file target_37.csv (CSV, C-alpha atoms)
chain,number,residue,atom,x,y,z
A,1,MET,CA,9.4,-8.5,-45.9
A,2,SER,CA,7.1,-7.6,-43.1
A,3,LYS,CA,3.9,-5.7,-43.6
A,4,LYS,CA,3.5,-2.0,-42.7
A,5,GLY,CA,1.6,-2.3,-39.4
A,6,SER,CA,3.4,-3.3,-36.2
A,7,LEU,CA,2.6,-4.2,-32.6
A,8,ILE,CA,4.7,-3.8,-29.5
A,9,ASN,CA,3.3,-4.8,-26.1
A,10,VAL,CA,5.1,-3.1,-23.2
A,11,GLY,CA,4.9,-3.4,-19.5
A,12,ILE,CA,4.1,-0.2,-17.6
A,13,GLY,CA,5.2,-1.7,-14.3
A,14,MET,CA,3.2,-1.7,-11.1
A,15,THR,CA,4.0,1.7,-9.4
A,16,LEU,CA,3.2,4.9,-11.1
A,17,GLY,CA,6.4,6.8,-12.2
A,18,ALA,CA,8.7,4.2,-10.8
A,19,HIS,CA,8.7,1.2,-13.0
A,20,MET,CA,8.4,2.0,-16.6
A,21,THR,CA,11.5,1.3,-18.7
A,22,PRO,CA,12.9,4.0,-21.0
A,23,ILE,CA,12.3,1.8,-24.1
A,24,SER,CA,8.7,1.1,-23.1
A,25,ARG,CA,8.0,4.8,-22.6
A,26,ASN,CA,9.6,5.5,-26.0
A,27,TYR,CA,7.3,3.0,-27.7
A,28,ILE,CA,4.2,4.5,-26.0
A,29,GLU,CA,5.2,8.1,-26.9
A,30,ASN,CA,5.9,7.2,-30.5
A,31,ALA,CA,3.0,4.9,-31.4
A,32,ASP,CA,0.2,5.9,-33.7
A,33,VAL,CA,-2.2,4.4,-31.2
A,34,VAL,CA,-1.8,3.0,-27.7
A,35,PHE,CA,-4.2,0.6,-26.0
A,36,VAL,CA,-3.8,0.7,-22.2
A,37,ALA,CA,-4.8,-1.9,-19.6
A,38,ALA,CA,-3.9,-0.3,-16.2
A,39,SER,CA,-4.6,-1.4,-12.7
A,40,ASP,CA,-5.8,2.0,-11.4
A,41,SER,CA,-7.4,5.1,-12.8
A,42,LEU,CA,-4.5,7.4,-12.0
A,43,ILE,CA,-2.1,5.0,-13.8
A,44,GLU,CA,-4.4,5.0,-16.8
A,45,GLN,CA,-4.4,8.8,-16.8
A,46,TRP,CA,-0.6,8.8,-16.5
A,47,VAL,CA,-0.3,6.7,-19.6
A,48,MET,CA,-2.9,8.8,-21.4
A,49,SER,CA,-0.6,11.8,-20.8
A,50,MET,CA,2.1,10.2,-23.0
A,51,ASN,CA,0.4,10.0,-26.4
A,52,LYS,CA,-2.5,11.8,-28.1
A,53,ASP,CA,-4.3,8.5,-29.0
A,54,VAL,CA,-4.5,6.3,-25.9
A,55,ARG,CA,-7.5,4.0,-25.7
A,56,SER,CA,-8.5,2.4,-22.4
A,57,LEU,CA,-9.3,-1.3,-22.4
A,58,GLN,CA,-11.5,-1.0,-19.3
A,59,GLY,CA,-14.7,-0.6,-21.3
A,60,TYR,CA,-14.2,-4.1,-22.7
A,61,TYR,CA,-14.8,-5.7,-19.2
A,62,GLN,CA,-18.3,-6.4,-18.0
A,63,GLU,CA,-19.2,-8.2,-14.9
A,64,GLY,CA,-21.3,-11.2,-16.0
A,65,MET,CA,-19.6,-11.5,-19.4
A,66,SER,CA,-16.8,-14.1,-19.8
A,67,ARG,CA,-13.5,-12.4,-19.8
A,68,MET,CA,-12.5,-14.6,-22.7
A,69,ILE,CA,-15.0,-12.6,-24.8
A,70,THR,CA,-13.4,-9.5,-23.4
A,71,TYR,CA,-9.9,-10.7,-24.4
A,72,ARG,CA,-11.0,-11.8,-27.9
A,73,ASN,CA,-12.6,-8.4,-28.5
A,74,VAL,CA,-9.4,-6.7,-27.3
A,75,ILE,CA,-7.5,-8.8,-29.8
A,76,HIS,CA,-9.9,-8.0,-32.5
A,77,ASP,CA,-9.7,-4.2,-32.0
A,78,ILE,CA,-6.0,-4.1,-31.6
A,79,MET,CA,-5.4,-6.2,-34.7
A,80,LEU,CA,-7.8,-3.9,-36.6
A,81,GLU,CA,-5.3,-1.1,-36.1
A,82,VAL,CA,-2.3,-3.2,-36.9
A,83,ARG,CA,-3.9,-4.4,-40.1
A,84,ALA,CA,-4.6,-0.8,-41.0
A,85,GLY,CA,-0.9,-0.3,-41.1
A,86,LYS,CA,-0.5,1.6,-37.8
A,87,LYS,CA,2.3,1.5,-35.3
A,88,VAL,CA,0.4,0.0,-32.4
A,89,CYS,CA,1.5,-0.2,-28.7
A,90,GLY,CA,-0.3,-2.3,-26.1
A,91,ALA,CA,0.6,-0.9,-22.6
A,92,PHE,CA,-0.2,-3.5,-20.0
A,93,TYR,CA,0.1,-3.2,-16.2
A,94,GLY,CA,3.1,-5.0,-14.7
A,95,HIS,CA,4.8,-7.2,-17.3
A,96,PRO,CA,3.0,-7.8,-20.6
A,97,GLY,CA,3.9,-11.4,-20.7
A,98,VAL,CA,3.3,-12.5,-17.1
A,99,PHE,CA,-0.2,-13.6,-16.1
A,100,SER,CA,-1.4,-12.0,-19.3
A,101,TRP,CA,-3.3,-14.0,-22.0
A,102,ALA,CA,-4.2,-11.4,-24.6
A,103,PRO,CA,-0.7,-9.9,-25.1
A,104,HIS,CA,0.8,-13.3,-25.9
A,105,GLU,CA,-2.1,-14.1,-28.3
A,106,LEU,CA,-1.7,-10.8,-30.0
A,107,ILE,CA,2.0,-11.3,-30.7
A,108,LYS,CA,1.4,-14.8,-32.1
A,109,ILE,CA,-1.4,-13.5,-34.4
A,110,ALA,CA,0.4,-10.5,-35.6
A,111,GLN,CA,3.6,-12.4,-36.3
A,112,ALA,CA,1.7,-15.2,-38.1
A,113,GLU,CA,0.1,-12.5,-40.3
A,114,GLY,CA,3.5,-11.1,-41.2
A,115,TYR,CA,3.7,-8.0,-39.0
A,116,LYS,CA,6.6,-7.0,-36.8
A,117,ALA,CA,5.5,-7.7,-33.3
A,118,HIS,CA,7.3,-8.2,-29.9
A,119,MET,CA,7.1,-7.5,-26.2
A,120,GLU,CA,9.2,-5.4,-23.9
A,121,PRO,CA,9.3,-6.6,-20.3
A,122,GLY,CA,8.1,-4.6,-17.3
A,123,VAL,CA,8.3,-4.8,-13.5
A,124,SER,CA,5.7,-7.3,-12.5
A,125,ALA,CA,3.8,-7.8,-9.3
A,126,GLU,CA,5.9,-10.9,-8.8
A,127,ASP,CA,9.1,-8.8,-9.0
A,128,CYS,CA,7.6,-6.4,-6.4
A,129,LEU,CA,6.7,-9.3,-4.1
A,130,TYR,CA,10.2,-10.6,-4.0
A,131,VAL,CA,11.6,-7.3,-2.7
A,132,ASP,CA,8.7,-6.3,-0.5
A,133,LEU,CA,8.7,-9.7,1.3
A,134,ALA,CA,12.5,-10.1,1.1
A,135,LEU,CA,11.9,-13.5,-0.5
A,136,ASP,CA,14.5,-15.1,-2.8
A,137,PRO,CA,12.7,-17.7,-5.0
A,138,GLY,CA,16.1,-19.4,-5.6
A,139,LYS,CA,16.7,-20.1,-1.9
A,140,VAL,CA,14.2,-23.0,-1.3
A,141,GLY,CA,12.3,-22.9,-4.6
A,142,CYS,CA,9.0,-21.3,-5.4
A,143,ALA,CA,5.9,-22.3,-7.4
A,144,HIS,CA,3.3,-20.0,-8.8
A,145,PHE,CA,-0.3,-20.9,-9.8
A,146,GLU,CA,-3.4,-19.0,-10.6
A,147,ALA,CA,-5.7,-19.7,-7.7
A,148,THR,CA,-8.7,-21.1,-9.6
A,149,GLN,CA,-6.5,-23.3,-11.8
A,150,PHE,CA,-4.7,-24.5,-8.7
A,151,MET,CA,-8.0,-25.4,-7.1
A,152,THR,CA,-9.6,-27.1,-10.1
A,153,ASN,CA,-6.7,-29.2,-11.2
A,154,LYS,CA,-4.9,-31.8,-9.1
A,155,ARG,CA,-1.6,-30.0,-9.0
A,156,ILE,CA,1.4,-31.6,-7.4
A,157,TYR,CA,3.2,-29.0,-5.3
A,158,ASP,CA,5.9,-29.0,-2.7
A,159,SER,CA,5.3,-27.6,0.7
A,160,SER,CA,9.1,-27.3,1.3
A,161,ALA,CA,9.1,-24.5,-1.2
A,162,TYR,CA,7.2,-21.2,-1.4
A,163,LEU,CA,3.7,-21.5,-2.9
A,164,ILE,CA,2.3,-18.4,-4.4
A,165,LEU,CA,-1.3,-18.2,-5.5
A,166,TRP,CA,-2.5,-15.3,-7.7
A,167,GLN,CA,-5.9,-13.8,-8.0
A,168,ILE,CA,-7.3,-15.2,-4.8
A,169,GLY,CA,-10.0,-12.5,-5.0
A,170,ILE,CA,-11.7,-14.5,-7.7
A,171,ALA,CA,-10.6,-17.9,-6.4
A,172,GLY,CA,-13.0,-20.6,-7.6
A,173,ASP,CA,-14.7,-18.7,-10.3
A,174,LYS,CA,-14.9,-21.1,-13.3
A,175,THR,CA,-17.3,-18.9,-15.2
A,176,LEU,CA,-14.8,-16.1,-15.8
A,177,THR,CA,-17.6,-13.6,-15.3
A,178,LEU,CA,-17.1,-12.4,-11.7
A,179,PHE,CA,-14.9,-9.6,-10.3
A,180,SER,CA,-14.9,-11.2,-6.9
A,181,THR,CA,-15.8,-14.5,-5.2
A,182,ASP,CA,-16.9,-14.9,-1.5
A,183,ALA,CA,-15.6,-16.5,1.7
A,184,LYS,CA,-17.2,-19.8,0.7
A,185,HIS,CA,-15.0,-20.1,-2.4
A,186,ARG,CA,-11.9,-19.2,-0.3
A,187,GLN,CA,-12.9,-21.8,2.3
A,188,VAL,CA,-12.7,-24.4,-0.4
A,189,LEU,CA,-9.2,-23.2,-1.1
A,190,VAL,CA,-8.3,-23.3,2.6
A,191,ASP,CA,-9.6,-26.8,2.9
A,192,LEU,CA,-7.5,-27.9,0.0
A,193,LEU,CA,-4.4,-26.3,1.4
A,194,LEU,CA,-5.0,-27.8,4.9
A,195,GLN,CA,-4.3,-31.2,3.2
A,196,LYS,CA,-0.6,-30.2,3.3
A,197,TYR,CA,-0.3,-27.3,5.7
A,198,PRO,CA,-1.3,-26.9,9.4
A,199,LYS,CA,-4.2,-24.6,10.1
A,200,ASP,CA,-2.0,-22.2,12.0
A,201,HIS,CA,0.6,-21.9,9.3
A,202,SER,CA,1.5,-18.3,8.9
A,203,VAL,CA,0.6,-17.1,5.3
A,204,ILE,CA,0.8,-13.7,3.7
A,205,LEU,CA,-1.7,-11.6,1.9
A,206,TYR,CA,0.2,-9.3,-0.5
A,207,GLU,CA,-0.6,-6.4,-2.7
A,208,CYS,CA,2.1,-4.3,-4.2
A,209,ALA,CA,1.9,-0.5,-4.1
A,210,VAL,CA,0.4,1.0,-7.3
A,211,LEU,CA,1.0,4.7,-6.3
A,212,PRO,CA,4.4,5.9,-5.0
A,213,THR,CA,2.6,7.3,-2.0
A,214,GLN,CA,1.4,3.9,-0.9
A,215,SER,CA,3.0,1.1,1.0
A,216,PRO,CA,2.4,-2.5,-0.1
A,217,ARG,CA,-0.1,-4.6,1.8
A,218,ILE,CA,1.7,-7.3,3.8
A,219,ASP,CA,-0.8,-9.1,6.1
A,220,ARG,CA,0.4,-12.1,8.0
A,221,ILE,CA,-2.5,-14.4,9.0
A,222,ALA,CA,-3.1,-18.0,10.0
A,223,LEU,CA,-4.1,-20.1,7.0
A,224,LYS,CA,-7.4,-21.1,8.8
A,225,ASP,CA,-8.4,-17.4,8.8
A,226,LEU,CA,-7.9,-16.8,5.1
A,227,ALA,CA,-11.6,-17.1,4.1
A,228,LYS,CA,-12.8,-14.2,6.2
A,229,GLN,CA,-10.1,-11.7,5.0
A,230,GLN,CA,-10.9,-8.8,2.7
A,231,VAL,CA,-9.3,-9.5,-0.7
A,232,SER,CA,-9.4,-7.9,-4.1
A,233,LEU,CA,-8.3,-8.7,-7.7
A,234,LYS,CA,-4.9,-7.5,-6.7
A,235,THR,CA,-4.4,-9.8,-3.7
A,236,THR,CA,-1.9,-12.6,-3.8
A,237,LEU,CA,-1.5,-15.4,-1.3
A,238,VAL,CA,2.0,-16.4,-0.3
A,239,LEU,CA,2.6,-19.7,1.6
A,240,PRO,CA,6.1,-19.9,3.1
A,241,PRO,CA,7.6,-23.4,3.3
A,242,PHE,CA,6.3,-25.7,5.9
A,243,GLU,CA,8.4,-28.8,5.6
A,244,LYS,CA,12.1,-29.2,5.3
A,245,ARG,CA,13.5,-30.3,2.0
A,246,LYS,CA,14.0,-34.0,1.7
A,247,THR,CA,17.4,-35.0,0.4
A,248,ASN,CA,17.3,-37.4,-2.6
A,249,GLU,CA,20.0,-39.9,-1.5
A,250,GLU,CA,19.6,-42.0,-4.6
A,251,ILE,CA,20.5,-39.1,-7.0
A,252,ILE,CA,23.3,-38.0,-4.7
A,253,LYS,CA,24.8,-41.6,-4.9
A,254,GLN,CA,24.4,-41.6,-8.7
A,255,LEU,CA,26.2,-38.2,-8.9
A,256,GLU,CA,29.0,-39.4,-6.6
A,257,MET,CA,29.6,-42.4,-8.9
A,258,LEU,CA,30.1,-40.2,-12.0
B,1,MET,CA,0.2,16.2,-18.6
B,2,PRO,CA,-2.0,17.4,-15.8
B,3,ASN,CA,0.1,18.9,-13.0
B,4,THR,CA,-1.2,16.5,-10.4
B,5,ILE,CA,-0.3,13.4,-12.3
B,6,LYS,CA,3.1,14.9,-13.1
B,7,LEU,CA,3.6,15.4,-9.4
B,8,LEU,CA,2.9,11.7,-8.7
B,9,GLU,CA,5.2,10.7,-11.6
B,10,SER,CA,7.9,12.9,-10.2
B,11,ILE,CA,7.6,11.2,-6.8
B,12,GLY,CA,7.7,7.7,-8.3
B,13,GLN,CA,10.8,8.6,-10.4
B,14,ASN,CA,12.7,10.3,-7.6
B,15,ALA,CA,12.0,8.6,-4.3
B,16,SER,CA,10.7,5.5,-2.6
B,17,LEU,CA,8.4,5.6,0.4
B,18,LYS,CA,10.6,2.8,1.8
B,19,GLU,CA,13.3,5.3,2.5
B,20,PHE,CA,11.1,7.2,4.9
B,21,ASP,CA,9.2,6.6,8.1
B,22,THR,CA,6.2,8.5,7.0
B,23,LEU,CA,4.6,9.8,3.7
B,24,GLY,CA,4.9,13.3,5.2
B,25,GLN,CA,8.7,13.0,5.3
B,26,LEU,CA,8.8,11.8,1.7
B,27,LEU,CA,6.6,14.7,0.5
B,28,ALA,CA,8.6,17.3,2.5
B,29,GLN,CA,11.8,16.1,0.9
B,30,GLN,CA,10.1,16.6,-2.5
B,31,ASN,CA,8.6,20.0,-1.5
B,32,ILE,CA,5.1,18.7,-2.1
B,33,SER,CA,2.2,19.5,0.1
B,34,GLU,CA,0.4,16.6,1.7
B,35,ALA,CA,-3.0,18.1,1.1
B,36,GLU,CA,-2.4,18.3,-2.6
B,37,ILE,CA,-1.3,14.6,-2.8
B,38,LYS,CA,-4.1,13.4,-0.6
B,39,ALA,CA,-6.8,14.9,-2.8
B,40,LEU,CA,-5.2,13.2,-5.9
B,41,VAL,CA,-4.7,9.9,-4.3
B,42,ASN,CA,-8.2,9.8,-2.9
B,43,SER,CA,-9.5,10.2,-6.5
B,44,ASN,CA,-7.8,7.0,-7.6
B,45,THR,CA,-10.1,4.0,-8.3
B,46,PRO,CA,-9.0,0.4,-8.9
B,47,LEU,CA,-9.6,-0.9,-12.4
B,48,VAL,CA,-10.4,-4.4,-13.5
B,49,CYS,CA,-7.2,-6.4,-13.8
B,50,ALA,CA,-7.9,-10.1,-14.1
B,51,TRP,CA,-6.2,-12.8,-16.0
B,52,GLU,CA,-7.3,-16.3,-17.0
B,53,PRO,CA,-5.0,-19.3,-17.4
B,54,GLU,CA,-5.3,-21.6,-20.3
B,55,ASP,CA,-7.5,-24.5,-19.6
B,56,ASP,CA,-9.0,-27.4,-21.3
B,57,ASP,CA,-12.6,-26.0,-21.5
B,58,GLU,CA,-14.2,-24.1,-24.3
B,59,ASN,CA,-13.7,-20.8,-22.4
B,60,THR,CA,-10.0,-20.7,-23.4
B,61,ASN,CA,-10.1,-21.8,-27.0
B,62,PRO,CA,-7.3,-19.6,-28.2
B,63,SER,CA,-7.2,-16.6,-30.4
B,64,GLN,CA,-10.7,-16.6,-31.8
B,65,GLU,CA,-11.5,-12.9,-32.4
B,66,ILE,CA,-15.1,-12.0,-31.7
B,67,ARG,CA,-16.5,-8.4,-31.7
B,68,SER,CA,-19.2,-6.8,-33.8
B,69,ASP,CA,-22.1,-8.5,-32.1
B,70,THR,CA,-20.8,-8.1,-28.5
B,71,VAL,CA,-22.2,-5.2,-26.5
B,72,ILE,CA,-19.4,-3.1,-25.1
B,73,ASN,CA,-20.0,-0.3,-22.6

call {"tool": "encode", "arguments": {"input": "target_37.csv", "output": "structure tokens"}}
result
Amino acid sequence: MSKKGSLINVGIGMTLGAHMTPISRNYIENADVVFVAASDSLIEQWVMSMNKDVRSLQGYYQEGMSRMITYRNVIHDIMLEVRAGKKVCGAFYGHPGVFSWAPHELIKIAQAEGYKAHMEPGVSAEDCLYVDLALDPGKVGCAHFEATQFMTNKRIYDSSAYLILWQIGIAGDKTLTLFSTDAKHRQVLVDLLLQKYPKDHSVILYECAVLPTQSPRIDRIALKDLAKQQVSLKTTLVLPPFEKRKTNEEIIKQLEML
Amino acid sequence: MPNTIKLLESIGQNASLKEFDTLGQLLAQQNISEAEIKALVNSNTPLVCAWEPEDDDENTNPSQEIRSDTVIN
């Protein structure tokens, strides 16, 4: 039998009013306490209007302090309420399980301690990107990486598929303490990408709309100009395919012989 | 819910800017004044939303809860 407290992490989607699912809203409205991580102040206010006890997670972030400390403190305080027997809801921007470390850890910890815990999906930035850029990830394939992880590991990627790099606004920050990195950091990323793509390859800087009155940012630029662009924590870099797919004749022959 | 946030929620639930050529057309269809919305939208500030992938270094040693001695604003 599970213990009295519970935890449900929900996604609030990306655009205010437009993306929250009915079940996520229901969990927010009926929780004893809600912890909210929103992308914008108006979205935070919107979630705060849905329950008497909504606590912002913004105060946990401090520039100069590792975000891993932030996330562990978030986990500590949310679990405190679960262990106190409360119905707890974590409301996270976008999708609670996509590009989101703490919500996954919370579910693992809560379940391991015998509490009911699960996630409800939300509309992620990735979902918005596919519709705003009219891009079908199934057409030629698509790989996603966090920008710094992509830069600091020897990743094998395929330039005949889409390459999507998240968080280019903090590309190259290994300290996890910055809220932005500069053009020099982005130039390292550009130089890395130039090993596979031509300098004039047209790439896209994308930011989804967070308010229903906004349009998404879709800036097409040459790869060589990336470093000098204005980017934020919300900016994503999309590299369309450069090469044609190469047919694997060996596998085709094997399949024909079956 | 403050009326202004309710207004934005209502726009988000009922229409998409993608249907219209301008924001003004969207707001006119919803019978909302542009001035009212502009003031609200201008008050919006981006919040911190960053994520760290799991890595092999000590920064991402999973699920260690800290707190108590950390200074939080």

call {"tool": "atom_distance", "arguments": {"input": "target_37.csv", "atom1": "atom CA of A:Ala117", "atom2": "atom CA of A:Ala38"}}
result
20.9 Å

call {"tool": "closest_residue", "arguments": {"input": "target_37.csv", "among": "B:Val41, B:Leu7, B:Ala28, B:Leu47", "to": "chain A", "atoms": "all atoms listed in the file"}}
result
B:Leu47

call {"tool": "residues_around", "arguments": {"input": "target_37.csv", "residues": "A:Leu57", "least_positions_apart": "2", "cutoff": "9 Å", "atoms": "all atoms listed in the file", "output": "PyMOL selection string"}}
result
chain A and resi 35-38+55+59-61+74

call {"tool": "residues_around", "arguments": {"input": "target_37.csv", "residues": "A:Lys228", "least_positions_apart": "5", "cutoff": "12 Å", "atoms": "all atoms listed in the file", "output": "PyMOL selection string"}}
result
chain A and resi 169+181-187+190+221-223

call {"tool": "atom_distance", "arguments": {"input": "target_37.csv", "atom1": "atom CA of A:His201", "atom2": "atom CA of A:His144"}}
result
18.4 Å

call {"tool": "atom_distance", "arguments": {"input": "target_37.csv", "atom1": "atom CA of A:Val54", "atom2": "atom CA of A:Val34"}}
result
4.6 Å

call {"tool": "closest_residue", "arguments": {"input": "target_37.csv", "among": "A:Ser100, A:Ser124, A:Thr177, A:Thr235", "to": "chain B", "atoms": "only C-alpha atoms"}}
result
A:Ser100

call {"tool": "residues_around", "arguments": {"input": "target_37.csv", "residues": "A:Met151", "least_positions_apart": "2", "cutoff": "7 Å", "atoms": "only C-alpha atoms", "output": "ChimeraX atom specification"}}
result
/A:147-149,153,172,189

call {"tool": "residues_around", "arguments": {"input": "target_37.csv", "residues": "A:Lys108", "least_positions_apart": "3", "cutoff": "12 Å", "atoms": "only C-alpha atoms", "output": "list of chain:residue names"}}
result
A:Leu7, A:Ile8, A:Asn9, A:Ile75, A:Met79, A:Trp101, A:Ala102, A:Pro103, A:His104, A:Glu105, A:Gln111, A:Ala112, A:Glu113, A:Gly114, A:Tyr115, A:Lys116, A:Ala117, A:His118, A:Met119, B:Pro62, B:Ser63

call {"tool": "residues_around", "arguments": {"input": "target_37.csv", "residues": "A:Ile218", "least_positions_apart": "3", "cutoff": "7 Å", "atoms": "all atoms listed in the file", "output": "PyMOL selection string"}}
result
chain A and resi 204-207

call {"tool": "closest_residue", "arguments": {"input": "target_37.csv", "among": "A:Gln230, A:Ser160, A:Ser56, A:Thr247", "to": "chain B", "atoms": "only C-alpha atoms"}}
result
A:Ser56

call {"tool": "closest_residue", "arguments": {"input": "target_37.csv", "among": "A:Ala227, A:Cys142, A:Ile156, A:Ile168", "to": "chain B", "atoms": "only C-alpha atoms"}}
result
A:Ile168

call {"tool": "closest_residue", "arguments": {"input": "target_37.csv", "among": "A:Gln229, A:Gln167, A:Asn26, A:Gln214", "to": "B:Ile37", "atoms": "all atoms listed in the file"}}
result
A:Gln214

call {"tool": "closest_residue", "arguments": {"input": "target_37.csv", "among": "A:Asn248, A:Ser202, A:Gln195, A:Asn73", "to": "chain B", "atoms": "all atoms listed in the file"}}
result
A:Asn73
